[in-house]
Every structure is written in structure tokens, then in C-alpha cells.
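J.: Below is one structure. I have some questions about it.
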Amino acid sequence: MWNPGTKQIKRLPLPLITSSRDNPIWMVFHGFGFDSFNNDYKLVRIVSFRGNDASPFLRVEVYSLREAVWKEIEERFELALLCGGQDGVVVDGSLNWAAIGLQGFADRKVVISFDMGREVFKTIPLPPVTRYGNVKVVSYMGLLAVAVYPLVFAANGNNMNRFEFWVQSDCEDGMKRWSNMVVVENFSKSLVPVGTWGDRELVFKHVGVRDRENQSSLFLFDPVDHTTKRLPVDFVDICFQGFSYVESLVSCDTTRELPTSDPFDFDPLAMQSMFIAAYRNGKPIPLPTLTADSAGNLSF
């Protein structure tokens, strides 16, 4: 565990769930966030095994920073397969992953949501359009949102050529419903959403061959006014992944009590960051953190 704000690194104990010859691990998914109900930071590890009948089964364990231990939880979700390559996104005390529905949710994509306080899962159906494209789960203005964008390859030609942005919000009847904020037709397959900036602008990256003179590696897109802004950074021959990051001064040392007030001991409007983890040839590359001041000026 690493806190970029304090530069502290904590080596975690080995997970409880491991691979074996009889039950080899197929895929592993992670999520990390603050549990305000129990005043604790938690790391969630979802392990997918390939069963003898070729259908995967899942086991879940949670690491508590306060207790400094792993524990396996019995809570299960059997109606979905998590989509690879995405970490859990924190929204209102829950961690969320995109998944492919099974059984009653067959032929649909869903969100698997883990309540960090109660340590239970629930399945959230997604709009039907998501079955024809890739799905990126993000947080937008404190709400659960999904960016839907074209598949690079699609079976039977069932592919969308547009970008759509959907946000889930509360309605007057107390139900949560999805609303479509953005539709961009003839959307390029070389543009991939990686997260949100300041919880209100989408961050896109260019993939594949591009015109470096006119195309930045990263840029921002405002879903409200549809404006774009190039970021002053360029990555060449680097695979990278973005994480929403808010600077925190909480110590990784669990021998010290976690604060009982706001866990982020600083003015969140003074610095909102997108931390970028980059790799070249499989090795991590130390990169600066892109930040913005209260006036919205970007810098490293």
C-alpha cells in the first residue's frame, strides 16, 4: 500500500486466497476506498477461478487498514462475470465494477457494487445500449456513471460507432434511474475513456497510431458543454492507467489511530489530481502527478 501524499509504503500480509493446481486463479480484481461507516480504509480482492466445467467461480476477501488483516467474506454474486482490466470505482461508499450479466441478466452488462460499510454486493442493471460497446465505470459529480464507447472488434458486426455517457441519479419516486447526458456519433475507436478529472470532466487517451503534432495522449471532455482541453503531457510507447486520486495525509502505519473526522486533511478544492501509473517493458515508471489549482490551471 502506497500513500503518494506522505510517500509511505506499507507491505501488506499475503492474501488468504491463493492459486493451486486443482483450483488455478483465472483473474483477480481489486478495489480500494474509504469506509466512512467504520472509519476504515479497505482493499477488496475478487478472485475468479476457472471451474472444472469451464465456468468461473468467485471468492472475495477484504483487507482492513485499521485491523491490518485479510478476511474472506461469504457474500457472493453469481449472476455476472467481471470485465477484465478495470479496478473498482468508489461512489458514495461503494466500490463498482463493470460486468457481463448471466441468467436473468443474460445478454446485458451490469455493475457489480460492493457496499464497503455493510460488506455486501448488489447487481445494478445498465442501459441496453451497453451490450453493443465497451463500458467504463466512473464517478461523476458523486454519482455512478458509465461511459460507453466502440468495441475494437465486434462479433457479427454488432458494434456501435458512437460514444454515450450515462449517469444514475435519484428520482422523485425514490428509485434510481439512468439518464443519457451525451451522445457523440461517429466516435473514433482510438479514443478510450480512462476516468474523470475533478469528478466532472472525462479523461480520454489516444490508443494506436496518432498524429502527435495534433493529437495529445490525454485530453479532457466536459459532458455539459462538450468542450475539450488538451493535457500538457505526452506518453509514447507507454501503457498507462488512470486513477482518481485525492491527496491524503493519513498514515499507512496502522499502529496509529485513523482520524475520526474527514480523512482528507486538506482543502479538496485546492488540489484535484489524476494519478497516472505507467509501465514500459513491464516495469513501473515514476511519473509526476497532474494537478489543478483553485483556478483550474493544470500543472505537474
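Please note that chains go A, B, ... in the order of the C-alpha cells, that every chain numbers its residues from 1, and that ligands are numbered from 1 in the order shown.
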If you count only C-alpha atoms, which residues fall within 7 Å of Asp199 in chain A, apart from same-chain ones fewer than 5 positions away, as a ChimeraX atom specification?
T.: /A:139-141
J.: Next, dump the selected residues to file, keeping only all heavy atoms, as a PDB file, in the first residue's frame.
T.:
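What ended up in part.pdb:
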ATOM      1  N   SER A 139     -16.959   7.782 -11.599  1.00  0.00           N
ATOM      2  CA  SER A 139     -17.723   8.635 -10.685  1.00  0.00           C
ATOM      3  C   SER A 139     -17.876   9.994 -11.338  1.00  0.00           C
ATOM      4  O   SER A 139     -16.906  10.571 -11.836  1.00  0.00           O
ATOM      5  CB  SER A 139     -16.994   8.767  -9.352  1.00  0.00           C
ATOM      6  OG  SER A 139     -17.611   9.750  -8.533  1.00  0.00           O
ATOM      7  N   TYR A 140     -19.113  10.522 -11.333  1.00  0.00           N
ATOM      8  CA  TYR A 140     -19.362  11.836 -11.925  1.00  0.00           C
ATOM      9  C   TYR A 140     -20.235  12.644 -10.981  1.00  0.00           C
ATOM     10  O   TYR A 140     -21.385  12.270 -10.719  1.00  0.00           O
ATOM     11  CB  TYR A 140     -20.041  11.690 -13.291  1.00  0.00           C
ATOM     12  CG  TYR A 140     -20.403  13.008 -13.948  1.00  0.00           C
ATOM     13  CD1 TYR A 140     -19.407  13.804 -14.519  1.00  0.00           C
ATOM     14  CD2 TYR A 140     -21.718  13.461 -13.972  1.00  0.00           C
ATOM     15  CE1 TYR A 140     -19.719  15.015 -15.106  1.00  0.00           C
ATOM     16  CE2 TYR A 140     -22.033  14.672 -14.558  1.00  0.00           C
ATOM     17  CZ  TYR A 140     -21.029  15.450 -15.121  1.00  0.00           C
ATOM     18  OH  TYR A 140     -21.352  16.651 -15.691  1.00  0.00           O
ATOM     19  N   MET A 141     -19.684  13.726 -10.438  1.00  0.00           N
ATOM     20  CA  MET A 141     -20.398  14.593  -9.508  1.00  0.00           C
ATOM     21  C   MET A 141     -20.961  13.793  -8.334  1.00  0.00           C
ATOM     22  O   MET A 141     -22.077  14.034  -7.851  1.00  0.00           O
ATOM     23  CB  MET A 141     -21.513  15.342 -10.235  1.00  0.00           C
ATOM     24  CG  MET A 141     -21.049  16.168 -11.419  1.00  0.00           C
ATOM     25  SD  MET A 141     -20.033  17.575 -10.927  1.00  0.00           S
ATOM     26  CE  MET A 141     -21.268  18.649 -10.202  1.00  0.00           C
TER      27      MET A 141
END
J.: Might you pull out every residue within 7 Å of Val91 in chain A, with only C-alpha atoms counted and same-chain residues fewer than 2 positions away left off, and present them as JSON, numbers by chain?
T.: {"A": [89, 93, 94, 95, 139, 142, 143, 144]}
J.: Convert the current residue selection to file output with all heavy atoms, as a PDB file, in the first residue's frame.
T.:
ATOM      1  N   VAL A  89     -14.333   1.338  -8.764  1.00  0.00           N
ATOM      2  CA  VAL A  89     -14.500   2.792  -8.724  1.00  0.00           C
ATOM      3  C   VAL A  89     -15.353   3.148  -7.511  1.00  0.00           C
ATOM      4  O   VAL A  89     -16.441   2.599  -7.327  1.00  0.00           O
ATOM      5  CB  VAL A  89     -15.153   3.312 -10.011  1.00  0.00           C
ATOM      6  CG1 VAL A  89     -15.410   4.811  -9.921  1.00  0.00           C
ATOM      7  CG2 VAL A  89     -14.287   2.988 -11.216  1.00  0.00           C
ATOM      8  N   GLY A  93     -19.465   5.510  -1.005  1.00  0.00           N
ATOM      9  CA  GLY A  93     -19.228   4.433  -0.053  1.00  0.00           C
ATOM     10  C   GLY A  93     -19.248   3.036  -0.625  1.00  0.00           C
ATOM     11  O   GLY A  93     -19.205   2.049   0.128  1.00  0.00           O
ATOM     12  N   SER A  94     -19.305   2.912  -1.944  1.00  0.00           N
ATOM     13  CA  SER A  94     -19.307   1.592  -2.570  1.00  0.00           C
ATOM     14  C   SER A  94     -18.226   1.515  -3.636  1.00  0.00           C
ATOM     15  O   SER A  94     -17.818   2.527  -4.206  1.00  0.00           O
ATOM     16  CB  SER A  94     -20.673   1.283  -3.195  1.00  0.00           C
ATOM     17  OG  SER A  94     -20.935   2.154  -4.283  1.00  0.00           O
ATOM     18  N   LEU A  95     -17.751   0.299  -3.904  1.00  0.00           N
ATOM     19  CA  LEU A  95     -16.820   0.028  -4.993  1.00  0.00           C
ATOM     20  C   LEU A  95     -17.609  -0.619  -6.127  1.00  0.00           C
ATOM     21  O   LEU A  95     -18.451  -1.490  -5.893  1.00  0.00           O
ATOM     22  CB  LEU A  95     -15.703  -0.905  -4.532  1.00  0.00           C
ATOM     23  CG  LEU A  95     -14.626  -0.259  -3.656  1.00  0.00           C
ATOM     24  CD1 LEU A  95     -13.823  -1.327  -2.922  1.00  0.00           C
ATOM     25  CD2 LEU A  95     -13.704   0.603  -4.502  1.00  0.00           C
ATOM     26  N   SER A 139     -16.959   7.782 -11.599  1.00  0.00           N
ATOM     27  CA  SER A 139     -17.723   8.635 -10.685  1.00  0.00           C
ATOM     28  C   SER A 139     -17.876   9.994 -11.338  1.00  0.00           C
ATOM     29  O   SER A 139     -16.906  10.571 -11.836  1.00  0.00           O
ATOM     30  CB  SER A 139     -16.994   8.767  -9.352  1.00  0.00           C
ATOM     31  OG  SER A 139     -17.611   9.750  -8.533  1.00  0.00           O
ATOM     32  N   GLY A 142     -20.188  12.806  -7.879  1.00  0.00           N
ATOM     33  CA  GLY A 142     -20.612  11.984  -6.761  1.00  0.00           C
ATOM     34  C   GLY A 142     -21.633  10.926  -7.107  1.00  0.00           C
ATOM     35  O   GLY A 142     -22.155  10.249  -6.210  1.00  0.00           O
ATOM     36  N   LEU A 143     -21.922  10.738  -8.407  1.00  0.00           N
ATOM     37  CA  LEU A 143     -22.911   9.778  -8.860  1.00  0.00           C
ATOM     38  C   LEU A 143     -22.242   8.674  -9.676  1.00  0.00           C
ATOM     39  O   LEU A 143     -21.181   8.870 -10.266  1.00  0.00           O
ATOM     40  CB  LEU A 143     -23.986  10.462  -9.712  1.00  0.00           C
ATOM     41  CG  LEU A 143     -24.768  11.600  -9.052  1.00  0.00           C
ATOM     42  CD1 LEU A 143     -25.648  12.296 -10.088  1.00  0.00           C
ATOM     43  CD2 LEU A 143     -25.608  11.090  -7.896  1.00  0.00           C
ATOM     44  N   LEU A 144     -22.879   7.515  -9.705  1.00  0.00           N
ATOM     45  CA  LEU A 144     -22.403   6.416 -10.530  1.00  0.00           C
ATOM     46  C   LEU A 144     -22.679   6.732 -11.993  1.00  0.00           C
ATOM     47  O   LEU A 144     -23.785   7.141 -12.348  1.00  0.00           O
ATOM     48  CB  LEU A 144     -23.102   5.119 -10.130  1.00  0.00           C
ATOM     49  CG  LEU A 144     -22.695   3.855 -10.887  1.00  0.00           C
ATOM     50  CD1 LEU A 144     -21.243   3.504 -10.599  1.00  0.00           C
ATOM     51  CD2 LEU A 144     -23.612   2.688 -10.498  1.00  0.00           C
TER      52      LEU A 144
END
J.: Can you list, as a VMD selection string, every protein, DNA or RNA residue that comes within 9 Å of Leu16 in chain A when you count only C-alpha atoms, leaving out same-chain residues fewer than 6 positions away?
T.: chain A and resid 61 70 to 72
J.: Could you give me the residues within range 82-148 of chain A that DSSP places in strand (DSSP E), as a VMD selection string?
T.: chain A and resid 82 89 to 91 94 to 101 109 to 115 120 to 125 134 to 140 143 to 148
J.: Of the residues A:Asp92, A:Glu67, A:Asp22, A:Glu164, which is the one nearest to Tyr41 in chain A, using only C-alpha atoms?
T.: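 Checking each of A:Asp92, A:Glu67, A:Asp22, A:Glu164 against Tyr41 in chain A, counting only C-alpha atoms, the winner is A:Glu67.
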J.: Glu201 in chain A: which residues within 7 Å, counting only C-alpha atoms, same-chain residues fewer than 3 positions away excluded, as a JSON list (two decimals) with N, CA, C and O atoms, in the first residue's frame?
T.:
[["chain", "number", "residue", "atom", "x", "y", "z"],
["A", 196, "THR", "N", -12.31, 10.23, -14.60],
["A", 196, "THR", "CA", -12.81, 11.59, -14.54],
["A", 196, "THR", "C", -11.82, 12.50, -13.85],
["A", 196, "THR", "O", -11.06, 12.06, -12.98],
["A", 197, "TRP", "N", -11.82, 13.76, -14.23],
["A", 197, "TRP", "CA", -10.97, 14.78, -13.64],
["A", 197, "TRP", "C", -11.84, 15.69, -12.78],
["A", 197, "TRP", "O", -12.84, 16.24, -13.25],
["A", 198, "GLY", "N", -11.48, 15.82, -11.49],
["A", 198, "GLY", "CA", -12.26, 16.66, -10.61],
["A", 198, "GLY", "C", -13.70, 16.20, -10.47],
["A", 198, "GLY", "O", -14.56, 16.97, -10.07],
["A", 220, "LEU", "N", -9.21, 16.30, -21.86],
["A", 220, "LEU", "CA", -10.41, 16.35, -21.05],
["A", 220, "LEU", "C", -11.63, 16.66, -21.92],
["A", 220, "LEU", "O", -11.51, 17.40, -22.89],
["A", 221, "PHE", "N", -12.77, 16.10, -21.53],
["A", 221, "PHE", "CA", -14.03, 16.35, -22.22],
["A", 221, "PHE", "C", -15.09, 16.69, -21.19],
["A", 221, "PHE", "O", -15.32, 15.92, -20.25],
["A", 222, "ASP", "N", -15.73, 17.85, -21.34],
["A", 222, "ASP", "CA", -16.78, 18.27, -20.42],
["A", 222, "ASP", "C", -18.13, 17.79, -20.96],
["A", 222, "ASP", "O", -18.56, 18.24, -22.04],
["A", 223, "PRO", "N", -18.84, 16.89, -20.25],
["A", 223, "PRO", "CA", -20.11, 16.37, -20.76],
["A", 223, "PRO", "C", -21.22, 17.41, -20.82],
["A", 223, "PRO", "O", -22.22, 17.19, -21.51]]
J.: Between A:Trp178, A:Leu151, A:Asn96, A:Val224, which residue has the minimum interatomic distance to Pro128 in chain A, considering only C-alpha atoms?
T.: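 Nearest to Pro128 in chain A: A:Trp178.
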